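Structure file entry.cif; described as mmCIF, C-alpha atoms and all ligand atoms.
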data_entry
#
loop_
_atom_site.label_atom_id
_atom_site.label_comp_id
_atom_site.auth_asym_id
_atom_site.auth_seq_id
_atom_site.Cartn_x
_atom_site.Cartn_y
_atom_site.Cartn_z
CA MET A 3 -55.78 -39.72 69.63
CA ALA A 4 -59.46 -40.29 70.35
CA GLN A 5 -61.61 -40.09 67.25
CA LYS A 6 -64.29 -37.49 67.72
CA TRP A 7 -67.18 -38.22 65.39
CA VAL A 8 -68.14 -35.62 62.86
CA SER A 9 -70.68 -35.92 60.08
CA PHE A 10 -69.67 -33.96 57.01
CA GLU A 11 -73.25 -33.89 55.72
CA ASP A 12 -74.56 -32.65 59.03
CA VAL A 13 -72.01 -29.83 59.26
CA LYS A 14 -72.64 -28.91 55.64
CA SER A 15 -76.37 -28.74 56.19
CA ARG A 16 -75.88 -26.21 58.96
CA VAL A 17 -72.93 -24.14 57.81
CA SER A 18 -72.89 -22.56 54.35
CA MET A 19 -69.98 -21.30 52.29
CA HIS A 20 -71.28 -17.80 53.05
CA ASP A 21 -70.85 -18.49 56.77
CA VAL A 22 -67.29 -19.68 56.25
CA LEU A 23 -66.39 -16.66 54.11
CA ALA A 24 -67.94 -14.38 56.74
CA HIS A 25 -65.89 -16.13 59.42
CA TYR A 26 -62.74 -15.15 57.53
CA GLY A 27 -64.01 -11.64 56.79
CA LEU A 28 -63.91 -12.40 53.07
CA LEU A 29 -67.43 -11.36 52.10
CA GLN A 30 -66.58 -7.72 51.62
CA GLY A 31 -66.21 -6.86 47.97
CA THR A 32 -67.59 -10.22 46.90
CA VAL A 33 -69.48 -10.13 43.62
CA GLU A 34 -72.50 -12.40 43.24
CA LYS A 35 -73.78 -13.40 39.86
CA PRO A 36 -76.00 -16.15 38.51
CA SER A 37 -74.30 -18.84 36.46
CA LYS A 38 -75.61 -22.01 34.85
CA HIS A 39 -74.57 -24.00 37.93
CA GLY A 40 -76.27 -21.68 40.42
CA MET A 41 -75.20 -18.53 42.17
CA GLU A 42 -71.51 -17.79 41.68
CA LEU A 43 -69.43 -15.71 44.07
CA ARG A 44 -66.30 -13.95 42.87
CA LEU A 45 -63.81 -12.68 45.37
CA ARG A 46 -60.18 -11.79 45.78
CA CYS A 47 -58.43 -15.07 46.36
CA PRO A 48 -57.13 -15.50 49.90
CA PHE A 49 -54.60 -18.11 48.75
CA HIS A 50 -52.43 -15.81 46.69
CA GLU A 51 -51.82 -12.11 46.29
CA ASP A 52 -54.82 -11.34 44.18
CA LYS A 53 -55.52 -7.95 42.63
CA THR A 54 -58.64 -8.99 40.74
CA PRO A 55 -61.35 -11.27 42.08
CA SER A 56 -59.92 -14.54 40.76
CA LEU A 57 -61.63 -16.96 43.09
CA SER A 58 -64.91 -18.38 41.88
CA ILE A 59 -67.16 -20.16 44.37
CA ASN A 60 -70.47 -21.85 43.80
CA ALA A 61 -72.59 -20.45 46.63
CA GLU A 62 -74.67 -23.61 47.00
CA THR A 63 -72.13 -26.40 46.69
CA GLY A 64 -69.08 -24.47 47.85
CA LYS A 65 -67.09 -25.80 44.91
CA PHE A 66 -64.30 -23.29 44.35
CA HIS A 67 -61.58 -22.59 41.85
CA CYS A 68 -59.01 -19.84 41.57
CA PHE A 69 -58.08 -18.71 38.08
CA GLY A 70 -54.87 -17.23 39.45
CA CYS A 71 -53.23 -19.80 41.69
CA HIS A 72 -55.45 -22.76 40.76
CA ALA A 73 -56.46 -23.44 44.34
CA LYS A 74 -59.56 -25.58 44.11
CA GLY A 75 -61.82 -27.86 46.04
CA GLY A 76 -65.28 -29.19 46.35
CA ASP A 77 -66.78 -27.66 49.48
CA ILE A 78 -66.41 -25.76 52.74
CA PHE A 79 -64.09 -28.40 54.18
CA ASP A 80 -61.62 -28.16 51.31
CA PHE A 81 -61.76 -24.40 51.61
CA VAL A 82 -60.97 -24.48 55.32
CA VAL A 83 -58.20 -27.05 54.78
CA ALA A 84 -56.58 -24.64 52.32
CA LYS A 85 -57.21 -21.51 54.35
CA GLU A 86 -55.87 -23.03 57.55
CA GLY A 87 -53.03 -24.84 55.82
CA ILE A 88 -54.11 -28.14 57.36
CA SER A 89 -51.99 -31.10 56.31
CA ALA A 90 -52.89 -34.00 58.54
CA GLY A 91 -51.61 -36.72 56.23
CA ASP A 92 -54.31 -37.41 53.71
CA ARG A 93 -57.30 -35.67 52.29
CA THR A 94 -59.85 -37.40 54.48
CA LYS A 95 -57.97 -36.53 57.66
CA ASP A 96 -57.50 -32.96 56.48
CA ARG A 97 -61.21 -32.59 55.80
CA ARG A 98 -62.09 -34.12 59.12
CA GLN A 99 -59.89 -31.62 60.95
CA ALA A 100 -61.50 -28.81 58.99
CA ALA A 101 -64.96 -30.12 59.90
CA LEU A 102 -64.04 -30.22 63.58
CA ARG A 103 -62.77 -26.68 63.41
CA ILE A 104 -65.98 -25.52 61.72
CA THR A 105 -68.09 -27.18 64.41
CA ASP A 106 -66.07 -25.22 66.97
CA TRP A 107 -66.45 -21.87 65.24
CA PHE A 108 -70.16 -22.18 64.64
CA GLY A 109 -71.09 -24.10 67.76
CA VAL A 110 -72.43 -27.04 65.78
CA GLU A 111 -72.81 -30.12 67.98
CA PRO A 112 -71.50 -33.14 66.15
CA ASN A 113 -74.19 -35.80 65.84
CA ALA A 114 -74.09 -39.11 67.67
CA PRO A 115 -71.70 -41.59 66.06
CA ALA A 116 -72.96 -43.92 63.39
CA PRO A 117 -71.11 -47.13 64.26
CA LEU A 118 -70.51 -48.39 60.72
CA ALA A 119 -69.69 -45.10 59.15
CA THR A 120 -65.92 -45.47 58.95
CA ALA A 121 -65.89 -49.12 57.91
CA PRO A 122 -65.20 -49.31 54.18
CA THR A 123 -67.58 -52.25 53.77
CA ALA A 124 -70.48 -50.46 55.44
CA PRO A 125 -73.58 -49.81 53.36
CA VAL A 126 -73.26 -46.49 51.63
CA SER A 127 -74.61 -43.72 53.80
CA ALA A 128 -74.02 -40.03 53.45
CA PRO A 129 -70.98 -39.87 55.76
CA VAL A 130 -69.32 -42.82 54.04
CA ALA A 131 -69.89 -41.28 50.63
CA GLU A 132 -68.27 -38.14 52.00
CA LEU A 133 -65.03 -40.01 52.64
CA THR A 134 -64.59 -40.54 48.91
CA PRO A 135 -63.31 -37.53 47.01
CA PRO A 136 -65.98 -36.24 44.62
CA ALA A 137 -65.52 -37.39 41.03
CA GLU A 138 -65.29 -33.85 39.67
CA GLU A 139 -61.97 -33.43 41.51
CA SER A 140 -60.23 -35.23 38.67
CA GLU A 141 -61.38 -32.69 36.08
CA GLY A 142 -58.72 -30.84 34.15
CA PRO A 143 -54.97 -31.37 34.12
CA ILE A 144 -53.28 -32.49 37.33
CA ASN A 145 -51.08 -29.72 38.72
CA PRO A 146 -51.67 -27.12 36.00
CA PRO A 147 -48.92 -24.47 35.65
CA LEU A 148 -49.31 -21.48 37.95
CA SER A 149 -50.12 -18.16 36.36
CA PHE A 150 -48.27 -16.16 39.01
CA THR A 151 -44.96 -16.13 40.80
CA PHE A 152 -44.26 -14.76 44.27
CA LYS A 153 -42.59 -11.38 44.10
CA HIS A 154 -40.58 -9.52 46.74
CA LEU A 155 -39.23 -12.59 48.44
CA ASP A 156 -36.48 -12.14 51.01
CA THR A 157 -33.83 -14.26 49.34
CA ARG A 158 -31.23 -13.62 52.04
CA HIS A 159 -33.36 -14.79 54.95
CA PRO A 160 -31.31 -16.13 57.88
CA TYR A 161 -33.19 -19.43 57.81
CA LEU A 162 -31.71 -20.15 54.40
CA LEU A 163 -28.24 -18.70 54.93
CA GLN A 164 -27.54 -19.52 58.56
CA ASP A 165 -29.92 -22.28 59.69
CA ARG A 166 -29.60 -24.27 56.47
CA GLY A 167 -26.17 -23.12 55.41
CA LEU A 168 -27.21 -22.44 51.84
CA GLN A 169 -25.01 -20.33 49.61
CA GLU A 170 -26.49 -17.31 47.87
CA ALA A 171 -25.94 -18.96 44.50
CA THR A 172 -27.91 -22.03 45.63
CA ILE A 173 -30.77 -19.90 46.92
CA ASP A 174 -30.95 -18.01 43.65
CA PHE A 175 -30.61 -21.11 41.51
CA PHE A 176 -33.63 -22.74 43.16
CA GLY A 177 -35.59 -19.49 43.51
CA LEU A 178 -36.00 -19.70 47.28
CA GLY A 179 -37.09 -16.87 49.53
CA HIS A 180 -39.06 -15.86 52.55
CA HIS A 181 -42.62 -14.74 51.79
CA SER A 182 -44.20 -12.13 54.02
CA GLY A 183 -47.36 -11.53 51.95
CA LYS A 184 -50.75 -12.92 52.87
CA GLY A 185 -52.05 -16.43 52.28
CA ILE A 186 -51.09 -19.91 53.39
CA MET A 187 -47.44 -19.18 52.57
CA GLN A 188 -47.31 -16.13 54.81
CA GLY A 189 -44.19 -16.17 56.96
CA ARG A 190 -42.78 -19.23 55.20
CA VAL A 191 -39.77 -19.89 53.06
CA VAL A 192 -41.17 -20.79 49.67
CA ILE A 193 -39.75 -23.43 47.37
CA PRO A 194 -40.86 -23.37 43.72
CA ILE A 195 -41.91 -26.79 42.42
CA HIS A 196 -41.84 -27.51 38.69
CA ASN A 197 -43.17 -30.34 36.61
CA GLU A 198 -40.99 -32.46 34.35
CA GLN A 199 -41.29 -29.88 31.58
CA GLY A 200 -40.09 -27.10 33.87
CA ASP A 201 -43.44 -25.36 34.38
CA LEU A 202 -43.92 -23.89 37.84
CA VAL A 203 -46.84 -25.85 39.34
CA ALA A 204 -46.73 -25.02 43.06
CA TYR A 205 -44.82 -23.54 45.92
CA ALA A 206 -44.05 -25.49 49.06
CA GLY A 207 -43.79 -23.36 52.18
CA ARG A 208 -41.33 -24.32 54.93
CA TRP A 209 -41.88 -22.64 58.28
CA PRO A 210 -38.51 -21.01 59.06
CA ALA A 211 -38.10 -22.73 62.43
CA ASP A 212 -38.84 -26.10 63.99
CA THR A 213 -41.58 -24.65 66.19
CA GLY A 214 -44.10 -21.86 66.13
CA TRP A 215 -45.94 -22.37 62.85
CA PRO A 216 -49.54 -21.13 62.76
CA GLU A 217 -52.02 -23.29 64.60
CA GLY A 218 -53.64 -25.94 62.46
CA SER A 219 -50.83 -25.96 59.92
CA GLN A 220 -47.58 -27.88 59.75
CA LYS A 221 -43.89 -27.30 59.21
CA TYR A 222 -44.55 -27.59 55.46
CA ALA A 223 -47.54 -26.15 53.64
CA LEU A 224 -48.61 -27.10 50.14
CA PRO A 225 -51.47 -25.54 48.20
CA ALA A 226 -54.84 -27.29 48.24
CA GLY A 227 -55.30 -29.37 45.14
CA PHE A 228 -51.60 -29.86 44.48
CA ARG A 229 -50.83 -33.58 43.97
CA LYS A 230 -47.25 -34.04 45.02
CA SER A 231 -47.37 -37.74 44.13
CA ASN A 232 -47.43 -36.69 40.48
CA VAL A 233 -44.21 -34.73 40.67
CA LEU A 234 -40.54 -35.42 41.36
CA PHE A 235 -39.01 -32.28 42.79
CA ASN A 236 -36.13 -30.95 40.64
CA LEU A 237 -36.63 -33.51 37.85
CA HIS A 238 -36.65 -30.89 35.09
CA ARG A 239 -33.07 -29.93 36.07
CA ALA A 240 -31.80 -33.34 37.19
CA LYS A 241 -32.82 -35.10 33.98
CA GLU A 242 -30.14 -33.12 32.10
CA HIS A 243 -27.58 -34.99 34.23
CA ALA A 244 -29.30 -38.39 34.32
CA THR A 245 -26.57 -40.09 32.30
CA GLU A 246 -24.79 -40.18 35.68
CA GLY A 247 -27.89 -41.86 37.12
CA LEU A 248 -30.43 -40.33 39.43
CA ILE A 249 -30.12 -39.78 43.18
CA VAL A 250 -33.51 -39.97 44.85
CA VAL A 251 -33.95 -38.27 48.24
CA GLU A 252 -36.91 -37.36 50.46
CA GLY A 253 -36.79 -33.62 50.91
CA TYR A 254 -36.15 -30.34 49.14
CA PHE A 255 -33.29 -29.31 51.37
CA THR A 256 -31.42 -32.56 50.74
CA VAL A 257 -31.54 -31.67 47.06
CA PHE A 258 -30.04 -28.25 47.86
CA GLU A 259 -27.31 -29.82 50.00
CA PHE A 260 -26.34 -32.27 47.26
CA TYR A 261 -26.33 -29.41 44.77
CA GLN A 262 -23.83 -27.53 46.91
CA ARG A 263 -21.62 -30.59 46.83
CA GLY A 264 -21.73 -30.56 43.06
CA ARG A 265 -24.40 -33.22 42.52
CA LYS A 266 -27.00 -32.02 40.05
CA ASN A 267 -28.75 -35.30 39.30
CA VAL A 268 -30.85 -35.29 42.46
CA VAL A 269 -34.65 -35.44 42.79
CA ALA A 270 -36.89 -35.50 45.85
CA LEU A 271 -39.99 -37.59 46.46
CA MET A 272 -41.27 -34.88 48.85
CA GLY A 273 -41.88 -37.66 51.35
CA SER A 274 -40.61 -41.11 52.21
CA SER A 275 -42.72 -43.16 49.82
CA MET A 276 -42.47 -43.39 46.05
CA SER A 277 -45.76 -43.10 44.19
CA ALA A 278 -46.51 -45.09 41.03
CA GLU A 279 -46.16 -41.93 38.94
CA GLN A 280 -42.83 -41.07 40.57
CA GLU A 281 -41.65 -44.61 39.85
CA ARG A 282 -42.62 -44.17 36.22
CA LEU A 283 -40.78 -40.82 36.01
CA ILE A 284 -37.61 -42.27 37.57
CA VAL A 285 -37.52 -45.28 35.27
CA GLU A 286 -38.28 -43.21 32.20
CA THR A 287 -35.59 -40.67 33.09
CA VAL A 288 -32.70 -43.07 33.63
CA GLY A 289 -33.77 -45.57 30.99
CA PRO A 290 -33.67 -49.39 31.11
CA LYS A 291 -29.93 -49.66 31.96
CA GLY A 292 -29.96 -46.57 34.14
CA ARG A 293 -28.72 -46.24 37.71
CA VAL A 294 -30.71 -45.06 40.70
CA LEU A 295 -29.29 -44.30 44.13
CA LEU A 296 -31.95 -44.17 46.82
CA ALA A 297 -30.81 -41.92 49.64
CA LEU A 298 -33.83 -41.66 51.89
CA ASP A 299 -33.73 -40.53 55.50
CA HIS A 300 -32.36 -42.92 58.09
CA ASP A 301 -35.55 -43.27 60.10
CA GLU A 302 -38.35 -45.79 60.24
CA ALA A 303 -40.38 -44.18 57.45
CA GLY A 304 -37.31 -43.71 55.28
CA ARG A 305 -36.22 -47.33 55.70
CA ARG A 306 -39.67 -48.63 54.83
CA GLY A 307 -39.95 -46.28 51.85
CA SER A 308 -36.52 -47.32 50.62
CA GLU A 309 -37.23 -51.03 50.90
CA ASP A 310 -40.47 -50.66 48.99
CA ALA A 311 -38.86 -48.51 46.30
CA VAL A 312 -35.98 -50.98 45.83
CA ASN A 313 -38.43 -53.83 45.42
CA ARG A 314 -40.36 -51.97 42.79
CA LEU A 315 -37.38 -50.53 40.91
CA ARG A 316 -34.90 -53.40 40.84
CA SER A 317 -36.46 -55.30 37.95
CA GLN A 318 -36.36 -52.12 35.85
CA VAL A 319 -33.10 -50.31 36.65
CA PHE A 320 -29.86 -50.72 38.61
CA VAL A 321 -30.71 -49.57 42.09
CA ARG A 322 -28.59 -49.04 45.20
CA GLU A 323 -29.48 -47.79 48.66
CA MET A 324 -27.67 -45.33 50.85
CA ALA A 325 -28.90 -44.21 54.27
CA LEU A 326 -28.57 -40.51 55.02
ZN ZN A 401 -55.73 -17.84 44.12
#

What would the structure in this file look like if it were written as structure tokens?
Amino acid sequence: MAQKWVSFEDVKSRVSMHDVLAHYGLLQGTVEKPSKHGMELRLRCPFHEDKTPSLSINAETGKFHCFGCHAKGGDIFDFVVAKEGISAGDRTKDRRQAALRITDWFGVEPNAPAPLATAPTAPVSAPVAELTPPAEESEGPINPPLSFTFKHLDTRHPYLLQDRGLQEATIDFFGLGHHSGKGIMQGRVVIPIHNEQGDLVAYAGRWPADTGWPEGSQKYALPAGFRKSNVLFNLHRAKEHATEGLIVVEGYFTVFEFYQRGRKNVVALMGSSMSAEQERLIVETVGPKGRVLLALDHDEAGRRGSEDAVNRLRSQVFVREMAL
């Protein structure tokens, strides 16, 4: 795909957080109050079902944080990424897509390309600096527990029962259901994700078909700010059965399928590559003489992910591969 140039700084200088909120019709009912960091906006959070205004936004910087669902980000681009459910692969790509969308909405002409701007060795200019996540992003705990759960889910949705062949007991065990309320999970089957301790830290949203998801989003949606590389899906349950070793798969639904076949020691990477933190969690869970069965998808990404994981794990645990 051709790379259309967009300068984050330029877009930011012309489009304010107010403009973006107005675009989404979110300004109504917004409370404005001065804070020590500048003017603070409080509004009902569009990322979860919010009864009180839980979303705090700095009017100048656009830095936002929800006290309910913990959605957070540093500026208008992060906000649009979350609101649109953009997941283009990594944060920079997501933000770039958001910036392009904003230029469309507000008729901002992207500036002429700066030839060195995407080269990592280029002298630091504003656009290059923009490609690096702001330092304040690492504030606070990674993936803090959610303070809400989705209510009124349709737990007998045909996508789960028919399309995926899940049994009612499996659906209930994993807390799955179709969400019709507003937000980025609207119309999606939600999958609760817990940390190692069993705290609910996010929901993943699977569109209940292989086509037709809202424009700008993907088959799977994850909340902005959620770091999936810090979590192994289902670890808090699987670790109880880790004396049998740990089966490591890519996706949520593979975990559910294994569960229905009586395997409870299964975790998912939520992707085809194992992060350093996931590696640490796997090794720690099975222990130094433990067994790990890697059962990643039988496609190019899965094969590469599996090879890499084997290389990293084999000096620490007994590891075998199985192609699904
Ligand atoms: Zn929220």

Using all atoms listed in the file, find each residue of chain A with at least one atom at most 6 Å away from an atom of ligand ZN 401 (chain A); report its shortest atom-to-atom pair and that distance in Å (one decimal), sort the rows by chain and rising residue number, and return the result as a Markdown table.
| residue | atom | partner | partner_atom | distance |
| --- | --- | --- | --- | --- |
| A:Cys47 | CA | A:ZN401 | ZN | 4.5 |
| A:Phe49 | CA | A:ZN401 | ZN | 4.8 |
| A:His50 | CA | A:ZN401 | ZN | 4.6 |
| A:Cys68 | CA | A:ZN401 | ZN | 4.6 |
| A:Gly70 | CA | A:ZN401 | ZN | 4.8 |
| A:Cys71 | CA | A:ZN401 | ZN | 4.0 |
| A:His72 | CA | A:ZN401 | ZN | 6.0 |
| A:Ala73 | CA | A:ZN401 | ZN | 5.7 |

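With all atoms listed in the file as the basis for measurement, A:Gly292 is the residue among A:Gly292, A:Lys95, A:Ile173, A:Leu102 that approaches Ser317 (chain A) most closely.
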
Nearest to Leu28 (chain A) among A:Arg98, A:Arg44, A:Lys74, A:His154, with distances taken over only C-alpha atoms: which residue is it?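 Of A:Arg98, A:Arg44, A:Lys74, A:His154, the one nearest Leu28 (chain A) is A:Arg44, counting only C-alpha atoms.
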
Can you list, as a PyMOL selection string, every protein, DNA or RNA residue that comes within 12 Å of region 56-67 of chain A when you count all atoms listed in the file, leaving out same-chain residues fewer than 5 positions away? chain A and resi 11+14-15+17-23+28-29+32-51+72-82+84+136+138-139+141-142+149-150+226-227

Could the residues in this selection be written to a file with C-alpha atoms, as an mmCIF file, in the coordinates of the input?
data_model
loop_
_atom_site.group_PDB
_atom_site.id
_atom_site.type_symbol
_atom_site.label_atom_id
_atom_site.label_comp_id
_atom_site.auth_asym_id
_atom_site.auth_seq_id
_atom_site.Cartn_x
_atom_site.Cartn_y
_atom_site.Cartn_z
ATOM 1 C CA GLU A 11 -73.250 -33.890 55.720
ATOM 2 C CA LYS A 14 -72.640 -28.910 55.640
ATOM 3 C CA SER A 15 -76.370 -28.740 56.190
ATOM 4 C CA VAL A 17 -72.930 -24.140 57.810
ATOM 5 C CA SER A 18 -72.890 -22.560 54.350
ATOM 6 C CA MET A 19 -69.980 -21.300 52.290
ATOM 7 C CA HIS A 20 -71.280 -17.800 53.050
ATOM 8 C CA ASP A 21 -70.850 -18.490 56.770
ATOM 9 C CA VAL A 22 -67.290 -19.680 56.250
ATOM 10 C CA LEU A 23 -66.390 -16.660 54.110
ATOM 11 C CA LEU A 28 -63.910 -12.400 53.070
ATOM 12 C CA LEU A 29 -67.430 -11.360 52.100
ATOM 13 C CA THR A 32 -67.590 -10.220 46.900
ATOM 14 C CA VAL A 33 -69.480 -10.130 43.620
ATOM 15 C CA GLU A 34 -72.500 -12.400 43.240
ATOM 16 C CA LYS A 35 -73.780 -13.400 39.860
ATOM 17 C CA PRO A 36 -76.000 -16.150 38.510
ATOM 18 C CA SER A 37 -74.300 -18.840 36.460
ATOM 19 C CA LYS A 38 -75.610 -22.010 34.850
ATOM 20 C CA HIS A 39 -74.570 -24.000 37.930
ATOM 21 C CA GLY A 40 -76.270 -21.680 40.420
ATOM 22 C CA MET A 41 -75.200 -18.530 42.170
ATOM 23 C CA GLU A 42 -71.510 -17.790 41.680
ATOM 24 C CA LEU A 43 -69.430 -15.710 44.070
ATOM 25 C CA ARG A 44 -66.300 -13.950 42.870
ATOM 26 C CA LEU A 45 -63.810 -12.680 45.370
ATOM 27 C CA ARG A 46 -60.180 -11.790 45.780
ATOM 28 C CA CYS A 47 -58.430 -15.070 46.360
ATOM 29 C CA PRO A 48 -57.130 -15.500 49.900
ATOM 30 C CA PHE A 49 -54.600 -18.110 48.750
ATOM 31 C CA HIS A 50 -52.430 -15.810 46.690
ATOM 32 C CA GLU A 51 -51.820 -12.110 46.290
ATOM 33 C CA HIS A 72 -55.450 -22.760 40.760
ATOM 34 C CA ALA A 73 -56.460 -23.440 44.340
ATOM 35 C CA LYS A 74 -59.560 -25.580 44.110
ATOM 36 C CA GLY A 75 -61.820 -27.860 46.040
ATOM 37 C CA GLY A 76 -65.280 -29.190 46.350
ATOM 38 C CA ASP A 77 -66.780 -27.660 49.480
ATOM 39 C CA ILE A 78 -66.410 -25.760 52.740
ATOM 40 C CA PHE A 79 -64.090 -28.400 54.180
ATOM 41 C CA ASP A 80 -61.620 -28.160 51.310
ATOM 42 C CA PHE A 81 -61.760 -24.400 51.610
ATOM 43 C CA VAL A 82 -60.970 -24.480 55.320
ATOM 44 C CA ALA A 84 -56.580 -24.640 52.320
ATOM 45 C CA PRO A 136 -65.980 -36.240 44.620
ATOM 46 C CA GLU A 138 -65.290 -33.850 39.670
ATOM 47 C CA GLU A 139 -61.970 -33.430 41.510
ATOM 48 C CA GLU A 141 -61.380 -32.690 36.080
ATOM 49 C CA GLY A 142 -58.720 -30.840 34.150
ATOM 50 C CA SER A 149 -50.120 -18.160 36.360
ATOM 51 C CA PHE A 150 -48.270 -16.160 39.010
ATOM 52 C CA ALA A 226 -54.840 -27.290 48.240
ATOM 53 C CA GLY A 227 -55.300 -29.370 45.140
#

Separation of CA of Trp7 (chain A) from CA of Ala100 (chain A), in Å and rounded to one decimal: 12.7 Å

So which residues touch Ile195 (chain A) within 12 Å, counting only C-alpha atoms, skipping near sequence neighbours fewer than 5 positions away, as a PyMOL selection string? chain A and resi 145-148+151+176-178+200-207+224-225+228-230+232-239+254+269-272
